[in-house]
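Q: Got a structure here, written out as structure tokens. Questions coming.
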Amino acid sequence: MSHTIAAYSGGTLPAAIGIIRVSGADAFRLTDAVFAAKCGLPAAERSAGRMYYGELTAKDGRLLDLCLVCLYRAPASYTGEDMAEIFCHGSRPVVSEALEHLCAAGARLAEAGEFTRRAFLNGKTDLIRSEATADLIYAASPLAAKAAAAQLGGAVSGEIGAVSESLRAMLAHFYAVCDYTDEDIDPFEYERAAERLGAAAERLERLHAAFERGRVVRDGLPVVLLGRPNGGKSTLFNALVGQERAIVTEEAGTTRDVIEAVISCGGAAIRLMDTAGLREPEGQAEAMGIGLTVRAAESSAAAICVWDAAEPESDDDLRAARLAGERESWAIVINKSDRATERQLAETAQRARRLAPAVFTLSARTGQGLEALADWLAELPPRPDELLITSARQAALLRQAAESLRLAQSSAEAGMTADAFLSDAERALSLLRQATGEEASADIAAEIFSRFCVGK
Ligand SMILES: Nc1nc2c(ncn2[C@@H]2O[C@H](COP(=O)(O)OP(=O)(O)OP(=O)(O)O)[C@@H](O)[C@H]2O)c(=O)[nH]1
Ligand SMILES: [Mg+2]
């Protein structure tokens, strides 16, 4: 029999309220060991889904906290097992002593994702919705949360289920025709089968095509800051992130590594990258830093090229603009507007406009003019309204399933024997079962759940 597990499931401690979860066949007995409800009823006699007030105690019987406990009876719980949730004060010692007491009474500390893994093993969720749970927890923007919630709600599972169902119906029909030749069953038409296979492949291809967009929605659109040393890239980065993440100094060549932060712009996530300034490098570290800058630029969807309003454009500024100009979207930012004259600003902006599709004049230090750049950034990410998938595992399986179906379709169209195309259709079905987890190996499930946080 599997162990009863316990873990802290709340946010960073200390917090106003901390949540400890317990799940397993012994959950009620273990809860009784650490918590006495004021009403006097033991857990087994209390109503499920209702909060009970009472005393939480430490291993030595000392009062730890006055708190609330809610019970869930199997199978009507998150994991499908008996469960308890203890809502105590979010104090480090209270939480750790309560967990210690639970373990002394026989619980084991849960591994990362173990509650959700149990939910999956007990048929409460599939792998696609489990992966969406992790996406929702880690969502960096409202749009990413929306896509994850749609997956969690079963939208992707439903689409895959519908394709599987149509394939199963087709296969069942074929076998029925073969097995019961005397019965009054509609004949199996190859042409219709080919059409059905093609339609199923198309639905999977559409889901797969949304993978890249799904990734961008979840991880943020990559946007790189480029420019000569000292132009103010790191200052601008910090201003956009709203935190002193990158070091800023008066020395040219401060930033060496690529520094990343995900920011939410107009509801979408942007993965902003600060980079080493572009110039003839002085020394090995700077040369390596510039190598990283070029690579970051090449992997970005958009670029912001930072110029210094107080300095005339140099070859390095033009090189940065060229590199930025290779991206799908890009802009020149004329920074340090607080240090330049109106005339300087107007002339630089005029020259920048000849090169770039968008030009912004601002001061990263004072924040003046920053809003227009933030508005531009907010418009960059796609706002897809179709179903999105974000897992590379799902994407690979869907692509392979679609390929099998296309093979089956062309065999059916070419009038080949049924076994030829039905085995491809069966393979597609099996791949879809792997995607939802009906047929996934224990290793894959373990890998997926290990990416969760403890307590989920
Ligand atoms: N007056 C003024 N100074 C700024 C502004 N932005 C940045 N600076 C200053 O310019 C200097 C260089 O800024 P950084 O942000 O480190 O420049 P960088 O482009 O990241 O430089 P490297 O990392 O060396 O490539 C610092 O002294 C900043 O305080 C601005 O808008 N106005
Ligand atoms: Mg810098």
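Every chain in the structure tokens takes a letter, A first, then B, and so on in the order presented; its residues are numbered from 1, and the ligands are numbered from 1 following the presented order.
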Need to verify the contact set: region 160-172 of chain A, 8 Å, only C-alpha atoms, exclusion of same-chain residues closer than 5 positions in sequence. Can you return it as a tab-separated table (two decimals) with all heavy atoms, in the first residue's frame?
A:
chain	number	residue	atom	x	y	z
A	193	ALA	N	-13.00	6.34	-45.46
A	193	ALA	CA	-11.94	6.15	-44.46
A	193	ALA	C	-10.81	7.14	-44.72
A	193	ALA	O	-10.30	7.77	-43.79
A	193	ALA	CB	-11.42	4.72	-44.50
A	196	ARG	N	-11.79	10.54	-43.54
A	196	ARG	CA	-11.79	10.63	-42.08
A	196	ARG	C	-10.38	10.73	-41.53
A	196	ARG	O	-10.11	11.50	-40.61
A	196	ARG	CB	-12.44	9.39	-41.49
A	196	ARG	CG	-13.88	9.63	-41.12
A	196	ARG	CD	-14.43	8.36	-40.59
A	196	ARG	NE	-15.02	8.58	-39.28
A	196	ARG	CZ	-15.94	7.78	-38.78
A	196	ARG	NH1	-16.33	6.73	-39.46
A	196	ARG	NH2	-16.45	8.02	-37.61
A	197	LEU	N	-9.48	9.93	-42.11
A	197	LEU	CA	-8.08	9.95	-41.67
A	197	LEU	C	-7.47	11.32	-41.92
A	197	LEU	O	-6.76	11.88	-41.08
A	197	LEU	CB	-7.27	8.87	-42.39
A	197	LEU	CG	-7.61	7.44	-41.99
A	197	LEU	CD1	-7.09	6.45	-43.02
A	197	LEU	CD2	-7.03	7.14	-40.61
A	200	ALA	N	-8.80	13.83	-39.42
A	200	ALA	CA	-8.19	13.64	-38.10
A	200	ALA	C	-6.76	14.18	-38.10
A	200	ALA	O	-6.34	14.87	-37.16
A	200	ALA	CB	-8.19	12.16	-37.73
A	203	ARG	N	-6.71	17.99	-37.82
A	203	ARG	CA	-6.98	18.53	-36.47
A	203	ARG	C	-5.71	18.46	-35.62
A	203	ARG	O	-5.39	19.38	-34.87
A	203	ARG	CB	-8.09	17.73	-35.79
A	203	ARG	CG	-9.45	18.13	-36.30
A	203	ARG	CD	-10.51	17.23	-35.76
A	203	ARG	NE	-11.05	17.71	-34.49
A	203	ARG	CZ	-12.18	17.25	-33.97
A	203	ARG	NH1	-12.86	16.31	-34.60
A	203	ARG	NH2	-12.64	17.73	-32.83
A	204	LEU	N	-4.98	17.35	-35.75
A	204	LEU	CA	-3.75	17.21	-34.96
A	204	LEU	C	-2.67	18.17	-35.46
A	204	LEU	O	-1.92	18.75	-34.68
A	204	LEU	CB	-3.23	15.77	-35.02
A	204	LEU	CG	-4.16	14.71	-34.45
A	204	LEU	CD1	-3.51	13.34	-34.52
A	204	LEU	CD2	-4.53	15.02	-33.00
A	422	LEU	N	-4.65	0.43	-41.57
A	422	LEU	CA	-5.19	0.37	-40.22
A	422	LEU	C	-4.09	0.29	-39.17
A	422	LEU	O	-4.24	0.83	-38.08
A	422	LEU	CB	-6.15	-0.81	-40.09
A	422	LEU	CG	-7.44	-0.59	-40.88
A	422	LEU	CD1	-8.32	-1.81	-40.84
A	422	LEU	CD2	-8.19	0.63	-40.38
A	425	ALA	N	-3.13	3.73	-38.47
A	425	ALA	CA	-4.16	4.41	-37.67
A	425	ALA	C	-4.06	3.96	-36.21
A	425	ALA	O	-4.21	4.77	-35.29
A	425	ALA	CB	-5.55	4.11	-38.24
A	429	LEU	N	-3.36	6.18	-32.81
A	429	LEU	CA	-4.19	6.10	-31.59
A	429	LEU	C	-3.30	5.88	-30.36
A	429	LEU	O	-3.50	6.50	-29.32
A	429	LEU	CB	-5.13	4.92	-31.71
A	429	LEU	CG	-6.61	5.24	-31.92
A	429	LEU	CD1	-7.40	3.95	-32.02
A	429	LEU	CD2	-7.14	6.11	-30.79
A	432	LEU	N	-1.58	9.02	-29.37
A	432	LEU	CA	-2.49	9.94	-28.68
A	432	LEU	C	-2.72	9.49	-27.24
A	432	LEU	O	-2.84	10.31	-26.33
A	432	LEU	CB	-3.83	10.04	-29.44
A	432	LEU	CG	-3.73	10.66	-30.83
A	432	LEU	CD1	-5.10	10.70	-31.51
A	432	LEU	CD2	-3.15	12.07	-30.76
Q: Just the strand (DSSP E) stuff from region 10-258 of chain A, please, per backbone DSSP, written as JSON, numbers by chain.
A: {"A": [15, 16, 17, 18, 19, 20, 21, 22, 23, 35, 36, 37, 51, 52, 53, 54, 55, 56, 57, 63, 64, 65, 66, 67, 68, 69, 70, 71, 72, 83, 84, 85, 86, 87, 88, 89, 90, 108, 109, 221, 222, 223, 224, 225, 226, 227]}
Q: Excluding Ile444 (chain A) and residues on its chain fewer than 4 positions from it, collect all residues at most 10 Å away from it, counting only C-alpha atoms, and give them as an mmCIF file with all heavy atoms, in the first residue's frame.
A:
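Result went into out29.cif, see below:
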data_model
loop_
_atom_site.group_PDB
_atom_site.id
_atom_site.type_symbol
_atom_site.label_atom_id
_atom_site.label_comp_id
_atom_site.auth_asym_id
_atom_site.auth_seq_id
_atom_site.Cartn_x
_atom_site.Cartn_y
_atom_site.Cartn_z
ATOM 1 N N LEU A 127 -2.401 13.387 -18.385
ATOM 2 C CA LEU A 127 -1.072 14.015 -18.391
ATOM 3 C C LEU A 127 -1.123 15.427 -18.948
ATOM 4 O O LEU A 127 -0.379 16.300 -18.525
ATOM 5 C CB LEU A 127 -0.091 13.187 -19.218
ATOM 6 C CG LEU A 127 0.578 12.012 -18.511
ATOM 7 C CD1 LEU A 127 1.690 11.456 -19.386
ATOM 8 C CD2 LEU A 127 1.151 12.420 -17.155
ATOM 9 N N ARG A 393 6.761 17.521 -25.308
ATOM 10 C CA ARG A 393 6.393 16.112 -25.327
ATOM 11 C C ARG A 393 5.082 15.928 -26.096
ATOM 12 O O ARG A 393 4.993 15.107 -27.017
ATOM 13 C CB ARG A 393 6.204 15.633 -23.872
ATOM 14 C CG ARG A 393 5.893 14.169 -23.690
ATOM 15 C CD ARG A 393 5.439 13.903 -22.253
ATOM 16 N NE ARG A 393 4.102 14.416 -22.013
ATOM 17 C CZ ARG A 393 2.996 13.731 -22.267
ATOM 18 N NH1 ARG A 393 3.056 12.518 -22.728
ATOM 19 N NH2 ARG A 393 1.808 14.271 -22.051
ATOM 20 N N GLN A 434 -0.531 8.022 -25.497
ATOM 21 C CA GLN A 434 0.684 8.424 -24.764
ATOM 22 C C GLN A 434 0.612 9.901 -24.385
ATOM 23 O O GLN A 434 1.065 10.308 -23.323
ATOM 24 C CB GLN A 434 1.930 8.175 -25.609
ATOM 25 C CG GLN A 434 2.273 6.704 -25.745
ATOM 26 C CD GLN A 434 3.428 6.505 -26.715
ATOM 27 O OE1 GLN A 434 4.401 7.241 -26.702
ATOM 28 N NE2 GLN A 434 3.304 5.514 -27.566
ATOM 29 N N GLY A 437 -1.634 10.183 -21.541
ATOM 30 C CA GLY A 437 -1.120 9.447 -20.395
ATOM 31 C C GLY A 437 -1.780 8.097 -20.212
ATOM 32 O O GLY A 437 -1.386 7.332 -19.336
ATOM 33 N N ALA A 440 1.204 6.157 -21.135
ATOM 34 C CA ALA A 440 2.558 6.691 -20.912
ATOM 35 C C ALA A 440 3.350 5.789 -19.972
ATOM 36 O O ALA A 440 2.792 5.180 -19.069
ATOM 37 C CB ALA A 440 2.470 8.088 -20.333
ATOM 38 N N ILE A 448 7.590 14.194 -15.764
ATOM 39 C CA ILE A 448 6.652 15.323 -15.797
ATOM 40 C C ILE A 448 6.383 15.842 -14.386
ATOM 41 O O ILE A 448 6.433 17.038 -14.124
ATOM 42 C CB ILE A 448 5.330 14.893 -16.473
ATOM 43 C CG1 ILE A 448 5.570 14.740 -17.979
ATOM 44 C CG2 ILE A 448 4.215 15.894 -16.201
ATOM 45 C CD1 ILE A 448 4.443 14.099 -18.724
ATOM 46 N N PHE A 449 6.136 14.914 -13.449
ATOM 47 C CA PHE A 449 5.760 15.367 -12.108
ATOM 48 C C PHE A 449 6.941 15.922 -11.320
ATOM 49 O O PHE A 449 6.762 16.708 -10.410
ATOM 50 C CB PHE A 449 5.048 14.247 -11.356
ATOM 51 C CG PHE A 449 3.716 13.940 -11.980
ATOM 52 C CD1 PHE A 449 3.500 12.757 -12.654
ATOM 53 C CD2 PHE A 449 2.692 14.867 -11.941
ATOM 54 C CE1 PHE A 449 2.296 12.484 -13.271
ATOM 55 C CE2 PHE A 449 1.474 14.618 -12.554
ATOM 56 C CZ PHE A 449 1.272 13.421 -13.218
ATOM 57 N N SER A 450 8.163 15.522 -11.723
ATOM 58 C CA SER A 450 9.314 16.043 -10.993
ATOM 59 C C SER A 450 9.499 17.534 -11.239
ATOM 60 O O SER A 450 10.194 18.210 -10.504
ATOM 61 C CB SER A 450 10.579 15.292 -11.405
ATOM 62 O OG SER A 450 10.891 15.634 -12.738
#
Q: Kindly compile the residues surrounding ligand 1 within 8 Å, counting only C-alpha atoms and all ligand atoms, and format them as a PyMOL selection string.
A: chain A and resi 227-237+246-256+274-278+306+335-339+362-367
Q: What lies within 8 Å of Phe188 (chain A) using only C-alpha atoms, ignoring chain neighbours under 5 positions off, as a list of chain:residue names?
A: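 What passes the distance filter is A:His173, A:Phe174, A:Val177, A:Ala193.
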Q: Contacts of Ala303 (chain A) at 10 Å or less, counting only C-alpha atoms, minus same-chain residues fewer than 4 places along, as a PyMOL selection string?
A: chain A and resi 222-226+272-273+296-298+320-321+323-332
Q: Between A:Ser141, A:Asn238, A:Gln151, A:Ser96, which one has atoms that come closest to ligand 2, using only C-alpha atoms and all ligand atoms?
A: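 The shortest atom-to-atom distance to ligand 2 comes from A:Asn238.
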Q: Point out the residue among A:Ala110, A:Ile290, A:Leu380, A:Ala358 with the least atom-to-atom distance to ligand 2, counting only C-alpha atoms and all ligand atoms.
A: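 Closest residue, counting only C-alpha atoms and all ligand atoms: A:Ile290.
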Q: Find the residue from A:Leu121, A:Ile259, A:Leu387, A:Ala310 that sits nearest to ligand 2; use only C-alpha atoms and all ligand atoms when measuring.
A: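 Smallest separation from ligand 2 among the options: A:Ile259.
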Q: What separation in Å, quoted to one decimal, exists between CA of Asp317 (chain A) and CA of Glu379 (chain A)?
A: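 Rounded to one decimal, the two atoms are 25.2 Å apart.
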Q: Work out how far apart CA of Ile334 (chain A) and CA of Phe360 (chain A) are and give it in Å to one decimal.
A: 6.0 Å
